[in-house]
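**Q** Pasting a structure below so you can have a look.
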Protein chains: 2
Amino acid sequence: MSAEAGRNARRLSLLGSTGSIGEQTLSVVADFPDRFQVTALAAGRNVALLAEQIRRFRPTLVSVAEDAGARELRERLGADAPEIRVGAAGLIAVAEHEADLVVAGLVGAVGMAPTLAAIRAGRDVALANKEVMVMAGALVGREVERAGVRLLPVDSEHSAIFQALAGQRAEDVEKLILTASGGPFRTWSAEEIAKATVKQALDHPNWNMGPKITIDSASLMNKGLEVIEARWLFGVTPDRIEVVVHPQSIVHSLVEFVDGSVLAQLGMPDMRGPIALALSHPERLPLQVPRLDLATAGRLDFETPDTKRFPCLDLAFAALAGGEAAPAVLNAANEVSVAAFLAGGMAFPRIAATNAAVLDAWLDEHRGETVADLAEIEAADAWARGRAEQLLDGSGAGPRPTQEEASGC
Amino acid sequence: MSAEAGRNARRLSLLGSTGSIGEQTLSVVADFPDRFQVTALAAGRNVALLAEQIRRFRPTLVSVAEDAGARELRERLGADAPEIRVGAAGLIAVAEHEADLVVAGLVGAVGMAPTLAAIRAGRDVALANKEVMVMAGALVGREVERAGVRLLPVDSEHSAIFQALAGQRAEDVEKLILTASGGPFRTWSAEEIAKATVKQALDHPNWNMGPKITIDSASLMNKGLEVIEARWLFGVTPDRIEVVVHPQSIVHSLVEFVDGSVLAQLGMPDMRGPIALALSHPERLPLQVPRLDLATAGRLDFETPDTKRFPCLDLAFAALAGGEAAPAVLNAANEVSVAAFLAGGMAFPRIAATNAAVLDAWLDEHRGETVADLAEIEAADAWARGRAEQLLDGSGAGPRPTQEEASGC
């Protein structure tokens, strides 16, 4: 236990501590040492950074991806090493470790099992790992209800909606309006997008995020995944969810009510805001983040998303309409196609084309099907990965990284 | 009682039924006949319109400004006439009549006594009559607390703040940010403003309001009065209240919290929104009002208010800093100077100049003084009216209308 942490400090366990969300979570914790105590950290292969985090935050349990990483960590820390676990079992151990709140900061399907483990262990969950809700929103919702825990959104858009819904009656909600920055290709022609490099796709105008999410922002797949996430997090049917492009990323999302009144949450783009709110809710922390000055911002722009240049957004609505496992299929196809794009040698529009082809093939056989359990979703996920790899191998897209390299944690 | 009103209909009494707020309140009531029952109406001299309202909404008590109006009303309505009262006593009778909610829709100081009477009679109050809080915010707050009633803001800005504060902890509020359209003279030079006609000043770009408020919007005095009102309605000190100019009037106001998060309420400019919310709170009514479409709106602009061309905004902060009766002095001076401007033959900048001269003269003698009761505020108000009239008479500003003509009710 940190000597600084107060007696009533909230105990935190972090899944994905060396990723973008993990690092920013620890930045908030460092600013409020008497409010939080870090009990467990799970990372992947960035052992050097994990060792630093361990020295600073003194967790009693950590997890790394592989045995080699565990050995390196023991060498680096010597007698100061906490208990070290490895691989998928390590993630579960961190998720179930003594804590009040688990920060689910992994990226991709890899976060599903540990997040469910945290919920079943009775932990509140700060959810940044959107694929958990994308793949199994209905199932996760039932587990959350059964366990009586809280699911606190960390995505800036869902945090905005969560804040706008506070103190309002659910039956008065007319629709949720998610804002999208439009990404680095917002003003690019279809021809220019077709020639985009990995570096250009990673150059997000507003947000500091991991590589997988940044590519998803460029394709608007990220917004599609957030539409699916919102559908389950807030129990709103897809016809009541809209997306508007807002290049400045200052209005983080909005809720329209039956009387035409709209509540919005705004702020400078800084993930420490939604992270801190999830950590401290229902209180707000006096954060040292840049303040929004509307007169300095000058203007806020809004436009309708162009689903011709960015077809991934429509794919998300198609998946929601297509059956309970369809979003998992879309998500899995997208993880494979984004990893292929990041590996280089593949044109950016092939991400959407691959995702669409995999989803269409799945819907041809399974449209409208419900799912009984996680195993069915995992089967759909595995099928979609295989199909996407098949399609990309056939196209000569080149070598692909492993899932964990693509996840950025 | 209306045959249409449901058994649990909320009973409403309207002060200022033929004014802009009154008319729009009755428009909402007409759309939800089973939700509301109009029990009393108070108007001024517009007897023809009041007669129509009586035929439609069947109140059991009404009030008009003068005996002649009462006679005319009896002639028009014959056997259908409800009980008719007259003058200041009539306003009080309407305020105290059987009702669940009193809509305080008068304009100017004339609304003070009936609004206080409604509060003391245990009625919830939907407050559009901002001068009540401007003149005696602290006193009214104490009366509200003593009576255990609710004060529901009807100004679009205060309704926005009220909505943004819902479900939030008061101690997490950092500041209130009121938006101002900037009025018809926002882009005019000082020289152009000096030559503005009454018609030009009444040509508000976004809002449909009465003449007094429309002139106050053109001078930014309206925003100054709203700053004072917000200070008392929400218990926030003046250093935590800011104003930003937002020409589109779509963002109606905002609240910034200690974590840098900002909540805003948006909508198309339509007073039926805040009116309906005040009538139906905590529920929202499915209003048939134009919906905000951000992509159609395209852009929202923000700029710092120019207090050189619009000095009235600074006068409000000076009044708040100057003592408990200073806002009443400023408000009274402004009522006289706006009435003089509306009567014609006076330059627009004389409104601010007169207000400033009266406030300065008062602060020279009374800076920092507190007030014990309403009588002291009324004395300050009367002194300021006399002083303003003196200044304007001396300037050859021409004939002035009576207070009631200027109030637009």
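Labeling convention for the structure tokens: chains A, B, ... as they appear, residues from 1 per chain, ligands from 1 in order of appearance.
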Check which residues of chain A sit at most 8 Å from chain B using only C-alpha atoms, and return one row each with the closest pair of atoms and their distance in Å to one decimal, ordered by chain and rising number, as CSV.
**A**
```
residue,atom,partner,partner_atom,distance
A:Gln163,CA,B:Leu263,CA,7.9
A:Ala164,CA,B:Leu263,CA,7.2
A:Ala166,CA,B:Gly167,CA,4.9
A:Gly167,CA,B:Gly167,CA,3.9
A:Gln168,CA,B:Ala166,CA,7.3
A:Arg169,CA,B:Glu283,CA,7.5
A:Asp172,CA,B:Arg284,CA,6.2
A:Val244,CA,B:Ala295,CA,6.8
A:Val245,CA,B:Ala295,CA,7.9
A:Phe257,CA,B:Arg284,CA,7.7
A:Val258,CA,B:Pro286,CA,4.7
A:Asp259,CA,B:Leu287,CA,4.7
A:Gly260,CA,B:Arg291,CA,5.6
A:Ser261,CA,B:Gly267,CA,5.4
A:Val262,CA,B:Leu266,CA,4.9
A:Leu263,CA,B:Gln265,CA,4.5
A:Ala264,CA,B:Ala264,CA,5.1
A:Gln265,CA,B:Leu263,CA,4.5
A:Leu266,CA,B:Val262,CA,4.9
A:Gly267,CA,B:Ser261,CA,5.4
A:Gly273,CA,B:Asp259,CA,6.7
A:Glu283,CA,B:Arg169,CA,7.5
A:Arg284,CA,B:Asp259,CA,5.9
A:Leu285,CA,B:Asp259,CA,5.4
A:Pro286,CA,B:Val258,CA,4.7
A:Leu287,CA,B:Asp259,CA,4.7
A:Gln288,CA,B:Asp259,CA,7.6
A:Val289,CA,B:Gly260,CA,6.6
A:Pro290,CA,B:Gly260,CA,7.4
A:Arg291,CA,B:Gly260,CA,5.6
A:Leu292,CA,B:Gly260,CA,7.3
A:Leu294,CA,B:Phe302,CA,5.8
A:Ala295,CA,B:Glu303,CA,4.2
A:Thr296,CA,B:Glu303,CA,7.4
A:Ala297,CA,B:Phe302,CA,7.5
A:Gly298,CA,B:Phe302,CA,5.0
A:Arg299,CA,B:Asp301,CA,4.3
A:Leu300,CA,B:Leu300,CA,5.1
A:Asp301,CA,B:Arg299,CA,4.3
A:Phe302,CA,B:Ala295,CA,4.8
A:Glu303,CA,B:Ala295,CA,4.2
A:Thr304,CA,B:Ala295,CA,5.5
```
**Q** Please provide the set of residues having any atom within 12 Å of Glu52 (chain A), restricted to only C-alpha atoms, with same-chain residues fewer than 6 positions apart removed, written as a list in words.
**A** Ser17, Thr18, Glu23, Leu26, Leu41, Asn46, Arg58, Pro59, Leu73, Arg76, Leu77, Asp80 and Ala81 of chain A
**Q** May I have the selected residues written with N, CA, C and O atoms, as an mmCIF file, in the first residue's frame?
**A**
```cif
data_model
loop_
_atom_site.group_PDB
_atom_site.id
_atom_site.type_symbol
_atom_site.label_atom_id
_atom_site.label_comp_id
_atom_site.auth_asym_id
_atom_site.auth_seq_id
_atom_site.Cartn_x
_atom_site.Cartn_y
_atom_site.Cartn_z
ATOM 1 N N SER A 17 -2.121 -1.271 -18.213
ATOM 2 C CA SER A 17 -1.545 -0.111 -17.510
ATOM 3 C C SER A 17 -0.538 0.653 -18.354
ATOM 4 O O SER A 17 -0.317 1.841 -18.111
ATOM 5 N N THR A 18 0.109 0.011 -19.336
ATOM 6 C CA THR A 18 1.119 0.718 -20.133
ATOM 7 C C THR A 18 0.549 1.270 -21.437
ATOM 8 O O THR A 18 1.278 1.885 -22.215
ATOM 9 N N GLU A 23 -1.811 4.742 -18.890
ATOM 10 C CA GLU A 23 -0.877 5.821 -18.550
ATOM 11 C C GLU A 23 -1.621 7.061 -18.048
ATOM 12 O O GLU A 23 -1.216 7.700 -17.079
ATOM 13 N N LEU A 26 -3.000 6.547 -14.562
ATOM 14 C CA LEU A 26 -1.963 6.691 -13.532
ATOM 15 C C LEU A 26 -1.543 8.149 -13.369
ATOM 16 O O LEU A 26 -1.162 8.568 -12.267
ATOM 17 N N LEU A 41 -1.697 -4.177 -11.529
ATOM 18 C CA LEU A 41 -1.455 -3.642 -12.876
ATOM 19 C C LEU A 41 -1.264 -4.801 -13.851
ATOM 20 O O LEU A 41 -0.494 -5.716 -13.564
ATOM 21 N N ASN A 46 5.492 -4.186 -22.634
ATOM 22 C CA ASN A 46 6.304 -3.000 -22.290
ATOM 23 C C ASN A 46 6.777 -3.101 -20.841
ATOM 24 O O ASN A 46 6.294 -2.403 -19.943
ATOM 25 N N ARG A 58 3.428 0.948 -6.493
ATOM 26 C CA ARG A 58 3.496 -0.137 -5.522
ATOM 27 C C ARG A 58 2.292 -1.078 -5.494
ATOM 28 O O ARG A 58 1.715 -1.313 -4.414
ATOM 29 N N PRO A 59 1.897 -1.637 -6.643
ATOM 30 C CA PRO A 59 0.817 -2.630 -6.619
ATOM 31 C C PRO A 59 1.307 -3.911 -5.954
ATOM 32 O O PRO A 59 2.516 -4.162 -5.899
ATOM 33 N N LEU A 73 11.185 -8.600 -15.632
ATOM 34 C CA LEU A 73 10.636 -7.745 -14.574
ATOM 35 C C LEU A 73 11.281 -8.085 -13.228
ATOM 36 O O LEU A 73 11.641 -7.188 -12.447
ATOM 37 N N ARG A 76 14.724 -6.633 -13.157
ATOM 38 C CA ARG A 76 14.729 -5.174 -13.001
ATOM 39 C C ARG A 76 14.400 -4.753 -11.567
ATOM 40 O O ARG A 76 14.952 -3.781 -11.056
ATOM 41 N N LEU A 77 13.459 -5.474 -10.927
ATOM 42 C CA LEU A 77 12.943 -5.000 -9.637
ATOM 43 C C LEU A 77 13.597 -5.668 -8.439
ATOM 44 O O LEU A 77 13.576 -5.129 -7.328
ATOM 45 N N ASP A 80 12.169 -5.782 -4.794
ATOM 46 C CA ASP A 80 10.972 -4.929 -4.800
ATOM 47 C C ASP A 80 9.849 -5.492 -5.671
ATOM 48 O O ASP A 80 8.781 -4.873 -5.767
ATOM 49 N N ALA A 81 10.083 -6.616 -6.332
ATOM 50 C CA ALA A 81 9.066 -7.151 -7.255
ATOM 51 C C ALA A 81 7.822 -7.606 -6.500
ATOM 52 O O ALA A 81 7.922 -8.299 -5.487
#
```
**Q** Excluding Arg150 (chain A) and any residue of its chain fewer than 6 positions from it, enumerate the residues within 7 Å of it, using only C-alpha atoms, and give them as number ranges by chain.
**A** A: 124-125, 144
**Q** Let me see the file: selected residues, N, CA, C and O atoms, as a PDB file, in the first residue's frame.
**A**
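File written: part-v7.pdb
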```pdb
ATOM      1  N   ASP A 124     -16.693  -2.674  -9.394  1.00  0.00           N
ATOM      2  CA  ASP A 124     -17.129  -1.636 -10.338  1.00  0.00           C
ATOM      3  C   ASP A 124     -16.108  -1.589 -11.461  1.00  0.00           C
ATOM      4  O   ASP A 124     -14.917  -1.846 -11.236  1.00  0.00           O
ATOM      5  N   VAL A 125     -16.565  -1.250 -12.659  1.00  0.00           N
ATOM      6  CA  VAL A 125     -15.665  -1.234 -13.819  1.00  0.00           C
ATOM      7  C   VAL A 125     -15.726   0.119 -14.522  1.00  0.00           C
ATOM      8  O   VAL A 125     -16.799   0.599 -14.881  1.00  0.00           O
ATOM      9  N   VAL A 144     -23.695  -7.367 -15.200  1.00  0.00           N
ATOM     10  CA  VAL A 144     -23.581  -6.170 -14.363  1.00  0.00           C
ATOM     11  C   VAL A 144     -24.760  -6.093 -13.403  1.00  0.00           C
ATOM     12  O   VAL A 144     -24.606  -5.815 -12.206  1.00  0.00           O
TER      13      VAL A 144
END
```
**Q** Residues near Ile351 (chain B), anyone? I mean within 9 Å using only C-alpha atoms, not counting same-chain ones fewer than 4 positions away, as a list in words.
**A**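 My reading of the contact set: Ser219, Cys312, Ala333, Asn334, Val336, Ser337, Val338, Ala340, Phe341, Met346, Ala347, Asn355 and Ala356 of chain B.
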**Q** Please provide the set of residues having any atom within 7 Å of Ile241 (chain A), restricted to only C-alpha atoms, with same-chain residues fewer than 3 positions apart removed, written as an MDAnalysis selection string.
**A** chainID A and resid 175:177 227 238
**Q** How would the residues just chosen look if you wrote them out with C-alpha atoms as an mmCIF file, in the first residue's frame?
**A**
```
data_model
loop_
_atom_site.group_PDB
_atom_site.id
_atom_site.type_symbol
_atom_site.label_atom_id
_atom_site.label_comp_id
_atom_site.auth_asym_id
_atom_site.auth_seq_id
_atom_site.Cartn_x
_atom_site.Cartn_y
_atom_site.Cartn_z
ATOM 1 C CA LYS A 175 -32.097 10.370 -28.804
ATOM 2 C CA LEU A 176 -28.381 10.175 -28.186
ATOM 3 C CA ILE A 177 -26.158 12.203 -30.511
ATOM 4 C CA VAL A 227 -22.800 3.578 -31.487
ATOM 5 C CA PRO A 238 -30.328 2.122 -32.680
#
```
**Q** Tell me, as a list in words, which residues lie within 10 Å of region 201-203 of chain B, counting only C-alpha atoms; anything in the same chain fewer than 4 positions away does not count.
**A**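 So the residues in contact are Gly183, Pro184, Phe185, Ile193, Ala196, Thr197, Trp207, Asn208, Met209, Gly210, Pro211, Lys212, Ile213, Thr214, Ile215, Asp216, Ser217, Ala218, Ser219, Phe341, Leu342 and Phe348 of chain B.
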**Q** Give the answer as one residue: which of B:Leu320, B:Gly148, B:Ala136, B:Asp239 has the shortest atom-to-atom distance to Glu378 (chain B), using only C-alpha atoms?
**A** B:Ala136
**Q** List as a PyMOL selection string the protein and nucleic acid residues near Thr25 (chain A), meaning an atom at most 9 Å away when only C-alpha atoms are counted, but skip any in the same chain fewer than 5 places from it.
**A** chain A and resi 14+17+20+30+103+271-272+275-276+279
**Q** So which residues of region 105-304 of chain B fall under alpha helix (DSSP H) by DSSP, listed as a PyMOL selection string?
**A** chain B and resi 112-120+131-147+156-165+190-194+198-201+211-219+221-233+272-280+294-297
**Q** So which residues of region 34-263 of chain A fall under strand (DSSP E) by DSSP, listed as a ChimeraX atom specification?
**A** /A:36-42,61-64,83-86,101-104,124-127,151-153,173-180,241-245,251-257,262-263
**Q** Counting only C-alpha atoms, which of B:Asp34, B:Asp364, B:Glu229, B:Glu72 gets nearest to Gly137 (chain B)?
**A** B:Glu229
**Q** Between CA of Gly78 (chain B) and CA of Gly16 (chain B), what is the distance in Å, rounded to a tenth?
**A**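 CA of Gly78 (chain B) sits 22.8 Å away from CA of Gly16 (chain B).
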**Q** Which of these, A:Pro349, A:Pro82, A:Gly87, A:Pro33, has the shortest distance to Asp67 (chain A) once you count only C-alpha atoms?
**A** A:Gly87
**Q** Of the candidates B:Ser249, B:Glu242, B:Pro311, B:Glu191, which shows the shortest atom-to-atom distance to Pro205 (chain B), using only C-alpha atoms?
**A**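 Of B:Ser249, B:Glu242, B:Pro311, B:Glu191, the one nearest Pro205 (chain B) is B:Ser249, counting only C-alpha atoms.
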**Q** How many Å separate CA of Gly182 (chain A) from CA of Asp306 (chain A)?
**A** 9.2 Å
**Q** I'd like the interatomic distance between CA of Gly235 (chain B) and CA of Glu143 (chain B), to a tenth of an Å.
**A**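 Separation of CA of Gly235 (chain B) and CA of Glu143 (chain B): 14.6 Å.
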